[in-house]
>>> print(open('my_file-v6.cif').read())   # mmCIF, C-alpha atoms
data_work
loop_
_atom_site.label_atom_id
_atom_site.label_comp_id
_atom_site.auth_asym_id
_atom_site.auth_seq_id
_atom_site.Cartn_x
_atom_site.Cartn_y
_atom_site.Cartn_z
CA MET A 1 142.13 118.18 160.11
CA ILE A 2 140.19 121.41 159.68
CA TRP A 3 139.80 120.78 155.95
CA SER A 4 138.55 117.22 156.60
CA ALA A 5 135.92 118.49 159.02
CA LEU A 6 134.84 121.21 156.60
CA ASN A 7 134.62 118.71 153.77
CA LEU A 8 132.42 116.41 155.90
CA PHE A 9 130.16 119.33 156.81
CA VAL A 10 129.67 120.37 153.16
CA ARG A 11 128.93 116.78 152.06
CA THR A 12 126.35 116.44 154.81
CA ILE A 13 124.62 119.65 153.72
CA LEU A 14 124.60 118.64 150.05
CA TYR A 15 123.84 114.91 150.21
CA GLY A 16 122.76 114.07 153.71
CA TRP A 17 119.12 115.04 153.13
CA VAL A 18 118.94 112.61 150.22
CA ILE A 19 120.08 109.70 152.38
CA SER A 20 117.68 110.73 155.12
CA LEU A 21 114.81 110.92 152.63
CA LEU A 22 115.53 107.42 151.36
CA GLU A 23 115.57 106.10 154.90
CA LEU A 24 112.21 107.81 155.56
CA LEU A 25 110.63 106.26 152.46
CA LYS A 26 111.87 102.81 153.42
CA MET A 27 110.37 103.26 156.88
CA LEU A 28 106.98 104.33 155.47
CA CYS A 29 106.91 101.37 153.09
CA ARG A 30 107.62 98.98 155.99
CA ARG A 31 104.75 100.53 157.95
CA ARG A 32 102.24 100.18 155.04
CA PRO A 33 99.53 97.60 155.85
CA PRO A 34 99.56 94.44 153.73
CA LYS A 35 97.62 94.42 150.47
CA THR A 36 94.08 93.09 150.94
CA PRO A 37 92.41 90.74 148.43
CA GLY A 38 90.87 92.66 145.52
CA GLU A 39 92.92 95.80 146.19
CA HIS A 40 94.39 97.37 143.05
CA ARG A 41 98.01 98.42 142.97
CA PRO A 42 98.82 102.00 141.88
CA THR A 43 99.00 102.30 138.11
CA GLN A 44 102.41 102.57 136.46
CA SER A 45 100.88 104.39 133.50
CA GLY A 46 100.73 108.14 133.12
CA CYS A 47 97.08 107.79 132.04
CA VAL A 48 94.60 106.63 134.68
CA ARG A 49 91.23 105.28 133.53
CA ILE A 50 88.44 106.55 135.74
CA ASP A 51 85.73 103.95 136.29
CA HIS A 52 83.26 105.22 138.84
CA PRO A 53 79.47 105.70 138.78
CA ALA A 54 79.99 109.43 139.32
CA PHE A 55 82.02 109.68 136.09
CA VAL A 56 79.72 109.97 133.05
CA ARG A 57 80.63 109.96 129.36
CA PRO A 58 78.89 111.44 126.31
CA ASP A 59 78.08 109.52 123.13
CA PRO A 60 78.03 111.95 120.19
CA LEU A 61 76.86 110.32 116.97
CA ILE A 62 75.73 110.89 113.41
CA TYR A 63 73.97 108.59 110.92
CA SER A 64 76.92 106.25 110.35
CA GLN A 65 76.59 103.68 107.58
CA LYS A 66 79.57 101.61 108.68
CA TYR A 67 78.33 101.36 112.25
CA LEU A 68 74.75 100.50 111.27
CA ARG A 69 75.83 97.79 108.82
CA ALA A 70 77.99 96.29 111.56
CA GLN A 71 74.76 95.92 113.56
CA GLY A 72 73.18 94.00 110.66
CA LEU A 73 71.00 96.91 109.50
CA ALA A 74 70.43 98.24 105.98
CA VAL A 75 71.68 101.75 105.19
CA THR A 76 71.24 104.52 102.69
CA TYR A 77 74.01 106.82 101.51
CA ASN A 78 71.47 109.62 101.16
CA ASN A 79 72.43 110.62 104.69
CA PRO A 80 69.52 112.06 106.70
CA ASP A 81 71.97 113.96 108.94
CA ILE A 82 73.88 115.74 106.12
CA THR A 83 72.11 118.41 104.07
CA LEU A 84 73.42 120.81 101.43
CA PHE A 85 72.03 124.32 101.02
CA LYS A 86 72.50 126.84 98.22
CA ALA A 87 71.33 130.38 98.99
CA GLY A 88 69.37 128.95 101.92
CA VAL A 89 67.52 126.34 99.82
CA PRO A 90 68.17 122.58 100.31
CA VAL A 91 69.71 120.91 97.26
CA SER A 92 70.55 117.32 96.38
CA SER A 93 74.19 116.30 96.58
CA SER A 94 73.71 114.56 93.23
CA ALA A 95 73.00 117.85 91.44
CA ILE A 96 75.70 120.32 92.44
CA ASP A 97 77.51 122.89 90.31
CA ALA A 98 81.25 123.30 89.83
CA SER A 99 83.13 126.10 91.63
CA THR A 100 80.10 126.88 93.76
CA THR A 101 79.94 127.48 97.50
CA TYR A 102 77.42 125.39 99.43
CA GLU A 103 76.46 125.32 103.07
CA VAL A 104 76.83 121.82 104.51
CA ARG A 105 74.73 121.30 107.62
CA ALA A 106 75.37 118.24 109.81
CA ARG A 107 72.82 117.15 112.39
CA ILE A 108 74.56 115.68 115.44
CA TRP A 109 73.08 113.63 118.27
CA ASN A 110 74.08 112.50 121.75
CA SER A 111 72.70 109.25 123.13
CA SER A 112 73.90 109.95 126.68
CA THR A 113 71.25 111.08 129.15
CA GLU A 114 73.88 112.32 131.62
CA ALA A 115 76.90 113.85 129.86
CA PRO A 116 76.69 116.69 127.30
CA VAL A 117 79.18 117.14 124.47
CA ILE A 118 81.28 120.28 124.93
CA HIS A 119 83.11 122.13 122.14
CA MET A 120 83.48 119.02 119.95
CA PRO A 121 85.49 119.39 116.73
CA VAL A 122 83.58 118.43 113.57
CA HIS A 123 85.51 117.89 110.32
CA LEU A 124 84.18 118.10 106.76
CA SER A 125 85.93 116.44 103.81
CA PHE A 126 85.03 115.02 100.41
CA ARG A 127 86.00 112.31 97.95
CA THR A 128 85.37 111.74 94.30
CA PHE A 129 82.17 109.74 93.89
CA GLY A 130 82.76 106.10 94.74
CA ILE A 131 84.24 103.95 97.48
CA GLY A 132 87.58 104.24 99.30
CA ASN A 133 88.89 107.14 97.23
CA GLU A 134 91.33 109.79 98.46
CA THR A 135 89.92 112.10 101.13
CA VAL A 136 90.28 115.87 100.67
CA PRO A 137 89.87 117.94 103.86
CA VAL A 138 87.59 120.99 103.59
CA THR A 139 87.12 122.68 106.96
CA SER A 140 86.31 122.16 110.63
CA THR A 141 84.10 123.70 113.27
CA HIS A 142 83.02 123.08 116.87
CA VAL A 143 79.65 122.26 118.36
CA ASP A 144 78.00 121.65 121.74
CA VAL A 145 75.37 118.91 122.04
CA GLY A 146 73.03 118.55 124.97
CA VAL A 147 72.03 115.30 126.63
CA LEU A 148 69.36 113.06 125.13
CA GLY A 149 65.95 114.66 125.41
CA SER A 150 67.24 118.15 126.15
CA PRO A 151 66.38 121.29 124.11
CA ASN A 152 70.01 121.37 122.88
CA GLN A 153 69.82 118.02 121.12
CA PRO A 154 70.24 117.46 118.25
CA ALA A 155 72.76 120.18 117.45
CA PHE A 156 73.78 121.44 114.02
CA ALA A 157 77.27 122.06 112.66
CA THR A 158 77.37 124.36 109.63
CA MET A 159 80.37 124.47 107.27
CA LEU A 160 81.00 126.02 103.86
CA TRP A 161 82.24 123.95 100.92
CA THR A 162 83.32 125.32 97.56
CA THR A 163 83.06 122.56 94.99
CA PRO A 164 85.99 121.70 92.68
CA PRO A 165 86.15 123.39 89.27
CA THR A 166 85.48 120.03 87.59
CA THR A 167 81.82 119.03 87.28
CA GLY A 168 81.11 115.66 88.84
CA HIS A 169 79.60 113.72 91.72
CA TYR A 170 81.25 113.71 95.11
CA CYS A 171 81.04 111.92 98.45
CA LEU A 172 80.81 114.16 101.52
CA LEU A 173 82.16 112.96 104.87
CA VAL A 174 81.40 114.41 108.29
CA GLN A 175 83.71 113.17 111.06
CA LEU A 176 82.99 113.84 114.75
CA ASP A 177 86.13 114.22 116.83
CA PRO A 178 85.08 114.30 120.51
CA TYR A 179 87.48 114.59 123.42
CA ASP A 180 85.67 111.70 125.10
CA ASP A 181 83.18 109.20 123.70
CA SER A 182 81.59 106.02 125.01
CA ASN A 183 81.15 104.71 121.44
CA PRO A 184 83.55 106.14 118.82
CA ALA A 185 82.30 103.70 116.14
CA ASN A 186 79.34 105.91 115.16
CA ASN A 187 81.21 109.15 114.45
CA LEU A 188 81.56 109.09 110.65
CA GLY A 189 78.68 109.85 108.28
CA GLN A 190 78.74 109.81 104.46
CA GLU A 191 76.59 111.45 101.80
CA ASN A 192 77.21 109.54 98.56
CA THR A 193 74.40 109.59 95.99
CA ASN A 194 73.85 109.78 92.25
CA VAL A 195 70.68 110.16 90.18
CA ILE A 196 70.44 109.18 86.50
CA ALA A 197 67.52 109.16 84.12
CA ALA A 198 66.88 105.71 82.73
CA THR A 199 67.21 105.61 78.98
CA SER A 200 66.66 101.86 79.29
CA PRO A 201 68.84 100.98 81.08
CA ALA A 202 70.42 103.46 83.51
CA VAL A 203 74.22 103.13 83.69
CA PHE A 204 76.21 104.37 86.70
CA GLU A 205 79.98 104.40 87.07
CA PHE A 206 82.12 104.97 90.16
CA LYS A 207 85.69 104.34 91.23
CA LEU A 208 86.45 101.69 93.84
CA SER A 209 89.82 102.13 95.59
CA ASN A 210 91.61 99.96 98.10
CA ASP A 211 92.40 102.37 100.96
CA THR A 212 93.83 99.66 103.22
CA GLN A 213 97.37 98.33 103.60
CA GLN A 214 96.58 94.83 102.32
CA ARG A 215 95.36 93.25 99.10
CA ARG A 216 91.56 92.98 99.25
CA GLN A 217 88.92 90.92 97.49
CA TYR A 218 85.68 92.89 97.12
CA ARG A 219 82.09 91.78 96.73
CA PHE A 220 78.86 93.74 96.40
CA GLU A 221 75.42 93.54 97.94
CA VAL A 222 72.44 95.50 96.65
CA ASP A 223 69.11 96.39 98.23
CA ALA A 224 66.34 98.97 97.88
CA TYR A 225 66.32 100.25 101.46
CA GLN A 226 65.14 103.77 102.20
CA ILE A 227 64.57 105.20 105.66
CA PRO A 228 60.85 104.72 106.36
CA GLU A 229 58.66 107.47 107.74
CA LEU A 230 58.87 107.75 111.50
CA PRO A 231 55.84 106.27 113.23
CA LYS A 232 53.67 108.43 115.43
CA CYS A 233 54.46 108.22 119.13
CA GLY A 234 51.18 106.41 119.83
CA ASP A 235 51.97 103.81 117.15
CA VAL A 236 55.40 102.85 118.50
CA LYS A 237 55.39 99.23 119.65
CA PRO A 238 57.47 98.07 122.60
CA ASP A 239 58.81 95.14 120.56
CA LYS A 240 62.38 96.28 119.82
CA ASP A 241 63.21 93.20 117.72
CA ALA A 242 60.20 93.83 115.48
CA MET A 243 61.22 97.45 115.01
CA LEU A 244 64.78 96.49 114.09
CA ARG A 245 63.53 93.80 111.70
CA ILE A 246 62.04 96.52 109.51
CA HIS A 247 65.57 97.82 108.86
CA ARG A 248 67.21 94.50 107.96
CA PRO A 249 68.66 94.36 104.40
CA GLU A 250 66.71 91.20 103.58
CA MET A 251 63.48 93.11 104.16
CA HIS A 252 64.29 95.46 101.26
CA PRO A 253 65.17 93.42 98.17
CA VAL A 254 65.45 94.99 94.73
CA PRO A 255 61.87 95.07 93.37
CA ALA A 256 60.77 92.31 91.03
CA GLY A 257 61.42 93.15 87.39
CA PHE A 258 64.49 95.28 88.06
CA ALA A 259 67.76 93.83 86.79
CA VAL A 260 70.98 95.07 88.44
CA GLN A 261 74.35 94.10 87.01
CA ILE A 262 77.74 95.04 88.49
CA GLU A 263 81.02 94.72 86.60
CA PRO A 264 83.53 93.62 87.69
CA ARG A 265 81.61 91.63 90.25
CA THR A 266 84.43 90.56 92.58
CA PRO A 267 87.51 92.72 91.93
CA ALA A 268 90.77 92.10 93.81
CA LEU A 269 92.86 95.19 94.48
CA ASP A 270 96.32 95.83 95.86
CA PRO A 271 96.81 98.74 98.32
CA ALA A 272 96.11 102.10 96.61
CA GLU A 273 94.91 100.30 93.47
CA SER A 274 91.54 101.30 91.98
CA VAL A 275 89.09 100.07 89.39
CA LEU A 276 86.08 101.56 87.61
CA ILE A 277 82.83 99.86 88.64
CA THR A 278 79.88 99.88 86.24
CA VAL A 279 76.37 99.39 87.61
CA THR A 280 73.57 98.83 85.12
CA VAL A 281 69.98 99.17 86.35
CA ASP A 282 67.36 97.97 83.88
CA PRO A 283 63.78 98.76 85.01
CA PRO A 284 60.85 96.59 83.93
CA ALA A 285 58.77 97.55 80.92
CA GLY A 286 56.25 100.24 81.71
CA PHE A 287 58.10 101.51 84.79
CA ILE A 288 57.48 105.18 85.56
CA GLY A 289 58.89 106.99 88.58
CA GLN A 290 62.11 106.51 90.51
CA GLN A 291 63.80 103.57 92.16
CA THR A 292 66.65 103.71 94.67
CA ILE A 293 69.34 101.03 94.72
CA ASN A 294 72.00 100.84 97.43
CA VAL A 295 75.30 99.26 96.41
CA ASN A 296 77.41 98.15 99.40
CA ALA A 297 81.00 96.98 98.92
CA PHE A 298 82.55 94.50 101.37
CA HIS A 299 85.98 92.97 101.84
CA GLU A 300 87.37 90.54 104.41
CA GLN A 301 87.25 93.13 107.21
CA GLY A 302 83.65 94.20 106.64
CA LEU A 303 82.00 97.15 104.91
CA ALA A 304 84.32 99.15 102.66
CA GLY A 305 81.68 101.72 101.72
CA GLY A 306 78.82 102.19 99.35
CA VAL A 307 76.75 104.42 97.09
CA THR A 308 73.05 105.10 96.68
CA LEU A 309 71.88 105.17 93.06
CA THR A 310 68.49 106.44 91.94
CA THR A 311 67.02 105.49 88.57
CA VAL A 312 64.42 107.95 87.27
CA LYS A 313 62.06 107.39 84.36
CA GLU A 314 59.44 109.89 83.37
CA VAL A 315 56.51 109.63 81.00
#
>>> encode(input="my_file-v6.cif", output="structure tokens")
Amino acid sequence: MIWSALNLFVRTILYGWVISLLELLKMLCRRRPPKTPGEHRPTQSGCVRIDHPAFVRPDPLIYSQKYLRAQGLAVTYNNPDITLFKAGVPVSSSAIDASTTYEVRARIWNSSTEAPVIHMPVHLSFRTFGIGNETVPVTSTHVDVGVLGSPNQPAFATMLWTTPPTTGHYCLLVQLDPYDDSNPANNLGQENTNVIAATSPAVFEFKLSNDTQQRRQYRFEVDAYQIPELPKCGDVKPDKDAMLRIHRPEMHPVPAGFAVQIEPRTPALDPAESVLITVTVDPPAGFIGQQTINVNAFHEQGLAGGVTLTTVKEV
């Protein structure tokens, strides 16, 4: 009898509070007022999305060719937000030396007027000249960007890049990696240019690779778009559609007299397969100067990438 009583006492101490807690929770649930129309139930996810006017989000961005083309705008791969320096002097990415250290400076913006960008990782990588080729990481840094219109915007991320020992042309990529972003589609910028003197004609070659998981059919579009000079503040017109129209691809056709041929014209590639693309630019007779041609490659899912080619002919 004594052992039975002692056993009951121990069980009550060890487990009785659990039963009492369950009874308390059941009682509280019964006392909860009924759910009103429009009331949200507690989330079952470990991640809760905050959607309140007091919660603001930044929008870090860089000149992003893929994003701009998705908006129907023409692009150049001579990226205005990516600049190379050698011994403090700006240099063209189409004329770099092998085994040489360059300073790559990325200009970074923030379109938010309310939320700054804090300690954002910025990654630098490169590819062999062309489209969709293997990406080689270089280095990373961090940057703060103020809100739109503030003295801390744009910001600049500076990284060092030592070129490969093999002479050639390369594509630089700057990837923004924010902790929060209202528009992550505009975070990748490319610098992908090549300049060749025309010995009638100018012949460019680059490798096109299928970096997707499916077989792709590619096609090319060419234009002569270059970023126009910024208008003076007093000359800016309020007509947004008219301003955007200036940057449409159809507004920048290849100049009359220039013949551009691309071979193969519509290659089909399996995943990880590549092909050498040859672009021949034949200027008209008597042409002197330089002419930029943008070659954009598309597949079924949109823009695959592109290159900016500049044909130069001197007297």
>>> resolve_selection(input="my_file-v6.cif", expression="the PyMOL selection byres ((chain A and resi 147) around 7)", output="VMD selection string")
chain A and resid 110 112 to 116 145 to 146 148 to 150 153
>>> resolve_selection(input="my_file-v6.cif", expression="the PyMOL selection byres ((chain A and resi 65-73) around 10)", output="JSON, numbers by chain")
{"A": [62, 63, 64, 74, 75, 76, 77, 79, 184, 185, 186, 187, 188, 189, 190, 191, 225, 244, 245, 246, 247, 248, 249, 250, 251, 296, 302, 303, 304, 305, 306]}
>>> closest_residue(input="my_file-v6.cif", among="A:Lys86, A:Arg215, A:Arg107, A:His142", to="His123 in chain A", atoms="only C-alpha atoms")
A:His142
>>> atom_distance(input="my_file-v6.cif", atom1="CA of Pro164 in chain A", atom2="CA of Tyr102 in chain A")
11.5 Å
>>> resolve_selection(input="my_file-v6.cif", expression="the PyMOL selection byres ((chain A and resi 141) around 6)", output="list in words")
Pro121, Val122, Ser140 and His142 of chain A
>>> residues_around(input="my_file-v6.cif", residues="Phe204 in chain A", least_positions_apart="3", cutoff="8 Å", atoms="all atoms listed in the file", output="MDAnalysis selection string")
chainID A and resid 196 278:280 309
>>> closest_residue(input="my_file-v6.cif", among="A:Thr292, A:Ser111, A:Gln214, A:Ser94", to="His252 in chain A", atoms="all atoms listed in the file")
A:Thr292
>>> residues_around(input="my_file-v6.cif", residues="Gly130 in chain A", least_positions_apart="4", cutoff="7 Å", atoms="all atoms listed in the file", output="number ranges by chain")
A: 206-208, 307
>>> write_last_selection(input="my_file-v6.cif", atoms="C-alpha atoms", output="short mmCIF file (atom, residue, chain, number, x, y, z; two decimals), in the coordinates of the input")
data_model
loop_
_atom_site.label_atom_id
_atom_site.label_comp_id
_atom_site.auth_asym_id
_atom_site.auth_seq_id
_atom_site.Cartn_x
_atom_site.Cartn_y
_atom_site.Cartn_z
CA PHE A 206 82.12 104.97 90.16
CA LYS A 207 85.69 104.34 91.23
CA LEU A 208 86.45 101.69 93.84
CA VAL A 307 76.75 104.42 97.09
#
>>> closest_residue(input="my_file-v6.cif", among="A:Glu314, A:Glu273, A:Asp223, A:Glu300", to="Ile288 in chain A", atoms="only C-alpha atoms")
A:Glu314
>>> decode(input="my_file-v6.cif", residues="range 62-186 of chain A", atoms="C-alpha atoms", output="PDB file, in the first residue's frame")
ATOM      1  CA  ILE A  62      23.745  47.570 -61.775  1.00  0.00           C
ATOM      2  CA  TYR A  63      23.502  48.028 -65.561  1.00  0.00           C
ATOM      3  CA  SER A  64      22.013  44.606 -66.304  1.00  0.00           C
ATOM      4  CA  GLN A  65      21.727  43.592 -69.948  1.00  0.00           C
ATOM      5  CA  LYS A  66      19.405  40.665 -69.311  1.00  0.00           C
ATOM      6  CA  TYR A  67      16.991  42.765 -67.279  1.00  0.00           C
ATOM      7  CA  LEU A  68      16.952  45.653 -69.757  1.00  0.00           C
ATOM      8  CA  ARG A  69      16.353  43.379 -72.754  1.00  0.00           C
ATOM      9  CA  ALA A  70      13.455  41.799 -70.864  1.00  0.00           C
ATOM     10  CA  GLN A  71      11.943  45.304 -70.760  1.00  0.00           C
ATOM     11  CA  GLY A  72      12.257  45.564 -74.553  1.00  0.00           C
ATOM     12  CA  LEU A  73      15.269  47.900 -74.468  1.00  0.00           C
ATOM     13  CA  ALA A  74      18.496  47.737 -76.465  1.00  0.00           C
ATOM     14  CA  VAL A  75      21.729  47.102 -74.556  1.00  0.00           C
ATOM     15  CA  THR A  76      25.458  47.417 -74.922  1.00  0.00           C
ATOM     16  CA  TYR A  77      27.977  44.988 -73.460  1.00  0.00           C
ATOM     17  CA  ASN A  78      30.401  47.867 -72.978  1.00  0.00           C
ATOM     18  CA  ASN A  79      28.979  48.163 -69.477  1.00  0.00           C
ATOM     19  CA  PRO A  80      28.876  51.764 -68.182  1.00  0.00           C
ATOM     20  CA  ASP A  81      28.957  50.496 -64.573  1.00  0.00           C
ATOM     21  CA  ILE A  82      32.087  48.306 -64.925  1.00  0.00           C
ATOM     22  CA  THR A  83      35.469  49.961 -65.488  1.00  0.00           C
ATOM     23  CA  LEU A  84      38.983  48.518 -65.560  1.00  0.00           C
ATOM     24  CA  PHE A  85      41.993  50.455 -64.291  1.00  0.00           C
ATOM     25  CA  LYS A  86      45.703  49.781 -64.711  1.00  0.00           C
ATOM     26  CA  ALA A  87      48.000  51.847 -62.491  1.00  0.00           C
ATOM     27  CA  GLY A  88      45.072  54.193 -61.870  1.00  0.00           C
ATOM     28  CA  VAL A  89      44.344  54.774 -65.581  1.00  0.00           C
ATOM     29  CA  PRO A  90      41.098  53.499 -67.189  1.00  0.00           C
ATOM     30  CA  VAL A  91      41.676  50.850 -69.854  1.00  0.00           C
ATOM     31  CA  SER A  92      39.412  49.048 -72.305  1.00  0.00           C
ATOM     32  CA  SER A  93      38.461  45.477 -71.473  1.00  0.00           C
ATOM     33  CA  SER A  94      39.188  44.618 -75.101  1.00  0.00           C
ATOM     34  CA  ALA A  95      42.880  45.492 -74.743  1.00  0.00           C
ATOM     35  CA  ILE A  96      44.179  43.775 -71.616  1.00  0.00           C
ATOM     36  CA  ASP A  97      47.503  42.031 -71.037  1.00  0.00           C
ATOM     37  CA  ALA A  98      48.101  38.485 -69.827  1.00  0.00           C
ATOM     38  CA  SER A  99      49.161  37.827 -66.222  1.00  0.00           C
ATOM     39  CA  THR A 100      48.467  41.426 -65.266  1.00  0.00           C
ATOM     40  CA  THR A 101      46.604  42.753 -62.242  1.00  0.00           C
ATOM     41  CA  TYR A 102      43.792  45.203 -62.939  1.00  0.00           C
ATOM     42  CA  GLU A 103      41.469  47.096 -60.657  1.00  0.00           C
ATOM     43  CA  VAL A 104      37.831  46.406 -61.515  1.00  0.00           C
ATOM     44  CA  ARG A 105      35.505  49.124 -60.281  1.00  0.00           C
ATOM     45  CA  ALA A 106      31.742  48.479 -60.239  1.00  0.00           C
ATOM     46  CA  ARG A 107      29.296  51.348 -59.890  1.00  0.00           C
ATOM     47  CA  ILE A 108      26.239  50.260 -57.907  1.00  0.00           C
ATOM     48  CA  TRP A 109      22.883  51.995 -57.554  1.00  0.00           C
ATOM     49  CA  ASN A 110      19.826  51.784 -55.320  1.00  0.00           C
ATOM     50  CA  SER A 111      16.428  52.760 -56.693  1.00  0.00           C
ATOM     51  CA  SER A 112      14.767  52.778 -53.265  1.00  0.00           C
ATOM     52  CA  THR A 113      14.121  56.189 -51.730  1.00  0.00           C
ATOM     53  CA  GLU A 114      13.546  54.683 -48.275  1.00  0.00           C
ATOM     54  CA  ALA A 115      15.820  51.689 -47.610  1.00  0.00           C
ATOM     55  CA  PRO A 116      19.641  51.791 -47.894  1.00  0.00           C
ATOM     56  CA  VAL A 117      21.737  48.769 -48.823  1.00  0.00           C
ATOM     57  CA  ILE A 118      23.890  47.600 -45.912  1.00  0.00           C
ATOM     58  CA  HIS A 119      27.072  45.508 -46.234  1.00  0.00           C
ATOM     59  CA  MET A 120      25.995  43.883 -49.520  1.00  0.00           C
ATOM     60  CA  PRO A 121      28.281  41.177 -50.951  1.00  0.00           C
ATOM     61  CA  VAL A 122      29.505  41.887 -54.495  1.00  0.00           C
ATOM     62  CA  HIS A 123      31.091  39.058 -56.505  1.00  0.00           C
ATOM     63  CA  LEU A 124      33.481  39.349 -59.458  1.00  0.00           C
ATOM     64  CA  SER A 125      34.000  36.534 -61.969  1.00  0.00           C
ATOM     65  CA  PHE A 126      35.020  36.125 -65.602  1.00  0.00           C
ATOM     66  CA  ARG A 127      34.417  33.946 -68.639  1.00  0.00           C
ATOM     67  CA  THR A 128      36.247  33.396 -71.865  1.00  0.00           C
ATOM     68  CA  PHE A 129      34.956  35.847 -74.461  1.00  0.00           C
ATOM     69  CA  GLY A 130      31.578  34.755 -75.755  1.00  0.00           C
ATOM     70  CA  ILE A 131      28.174  33.673 -74.487  1.00  0.00           C
ATOM     71  CA  GLY A 132      27.253  31.110 -71.811  1.00  0.00           C
ATOM     72  CA  ASN A 133      30.797  29.934 -71.173  1.00  0.00           C
ATOM     73  CA  GLU A 134      32.101  28.564 -67.865  1.00  0.00           C
ATOM     74  CA  THR A 135      32.254  31.125 -65.060  1.00  0.00           C
ATOM     75  CA  VAL A 136      35.485  31.458 -63.069  1.00  0.00           C
ATOM     76  CA  PRO A 137      35.124  33.179 -59.662  1.00  0.00           C
ATOM     77  CA  VAL A 138      37.689  35.896 -58.889  1.00  0.00           C
ATOM     78  CA  THR A 139      36.926  37.634 -55.597  1.00  0.00           C
ATOM     79  CA  SER A 140      34.229  39.309 -53.505  1.00  0.00           C
ATOM     80  CA  THR A 141      33.815  42.447 -51.453  1.00  0.00           C
ATOM     81  CA  HIS A 142      31.091  44.325 -49.558  1.00  0.00           C
ATOM     82  CA  VAL A 143      29.540  47.718 -50.140  1.00  0.00           C
ATOM     83  CA  ASP A 144      26.968  50.070 -48.601  1.00  0.00           C
ATOM     84  CA  VAL A 145      24.652  52.028 -50.904  1.00  0.00           C
ATOM     85  CA  GLY A 146      22.566  54.967 -49.796  1.00  0.00           C
ATOM     86  CA  VAL A 147      18.994  55.659 -50.837  1.00  0.00           C
ATOM     87  CA  LEU A 148      18.190  57.258 -54.184  1.00  0.00           C
ATOM     88  CA  GLY A 149      19.288  60.878 -54.245  1.00  0.00           C
ATOM     89  CA  SER A 150      21.548  60.620 -51.208  1.00  0.00           C
ATOM     90  CA  PRO A 151      25.284  61.532 -51.167  1.00  0.00           C
ATOM     91  CA  ASN A 152      26.086  57.815 -50.744  1.00  0.00           C
ATOM     92  CA  GLN A 153      24.561  56.781 -54.058  1.00  0.00           C
ATOM     93  CA  PRO A 154      25.914  55.465 -56.331  1.00  0.00           C
ATOM     94  CA  ALA A 155      28.522  53.469 -54.442  1.00  0.00           C
ATOM     95  CA  PHE A 156      31.634  51.828 -55.858  1.00  0.00           C
ATOM     96  CA  ALA A 157      32.952  48.311 -55.260  1.00  0.00           C
ATOM     97  CA  THR A 158      36.632  47.866 -56.102  1.00  0.00           C
ATOM     98  CA  MET A 159      38.168  44.431 -56.700  1.00  0.00           C
ATOM     99  CA  LEU A 160      41.501  43.216 -58.069  1.00  0.00           C
ATOM    100  CA  TRP A 161      41.704  40.795 -60.996  1.00  0.00           C
ATOM    101  CA  THR A 162      44.859  39.138 -62.267  1.00  0.00           C
ATOM    102  CA  THR A 163      44.300  38.071 -65.858  1.00  0.00           C
ATOM    103  CA  PRO A 164      45.049  34.504 -67.010  1.00  0.00           C
ATOM    104  CA  PRO A 165      48.491  33.767 -68.470  1.00  0.00           C
ATOM    105  CA  THR A 166      46.916  33.203 -71.895  1.00  0.00           C
ATOM    106  CA  THR A 167      46.343  36.324 -73.985  1.00  0.00           C
ATOM    107  CA  GLY A 168      42.742  36.708 -75.067  1.00  0.00           C
ATOM    108  CA  HIS A 169      39.442  38.502 -74.626  1.00  0.00           C
ATOM    109  CA  TYR A 170      37.312  37.905 -71.572  1.00  0.00           C
ATOM    110  CA  CYS A 171      33.831  38.641 -70.254  1.00  0.00           C
ATOM    111  CA  LEU A 172      33.673  40.196 -66.773  1.00  0.00           C
ATOM    112  CA  LEU A 173      30.645  39.613 -64.557  1.00  0.00           C
ATOM    113  CA  VAL A 174      29.653  41.587 -61.466  1.00  0.00           C
ATOM    114  CA  GLN A 175      26.946  39.935 -59.361  1.00  0.00           C
ATOM    115  CA  LEU A 176      25.178  41.775 -56.527  1.00  0.00           C
ATOM    116  CA  ASP A 177      24.162  39.498 -53.668  1.00  0.00           C
ATOM    117  CA  PRO A 178      21.939  41.525 -51.303  1.00  0.00           C
ATOM    118  CA  TYR A 179      20.346  40.150 -48.162  1.00  0.00           C
ATOM    119  CA  ASP A 180      17.042  41.701 -49.260  1.00  0.00           C
ATOM    120  CA  ASP A 181      15.975  43.105 -52.615  1.00  0.00           C
ATOM    121  CA  SER A 182      12.676  44.273 -54.078  1.00  0.00           C
ATOM    122  CA  ASN A 183      13.876  43.410 -57.612  1.00  0.00           C
ATOM    123  CA  PRO A 184      16.612  40.733 -57.845  1.00  0.00           C
ATOM    124  CA  ALA A 185      16.381  40.639 -61.673  1.00  0.00           C
ATOM    125  CA  ASN A 186      18.736  43.611 -62.135  1.00  0.00           C
TER     126      ASN A 186
END
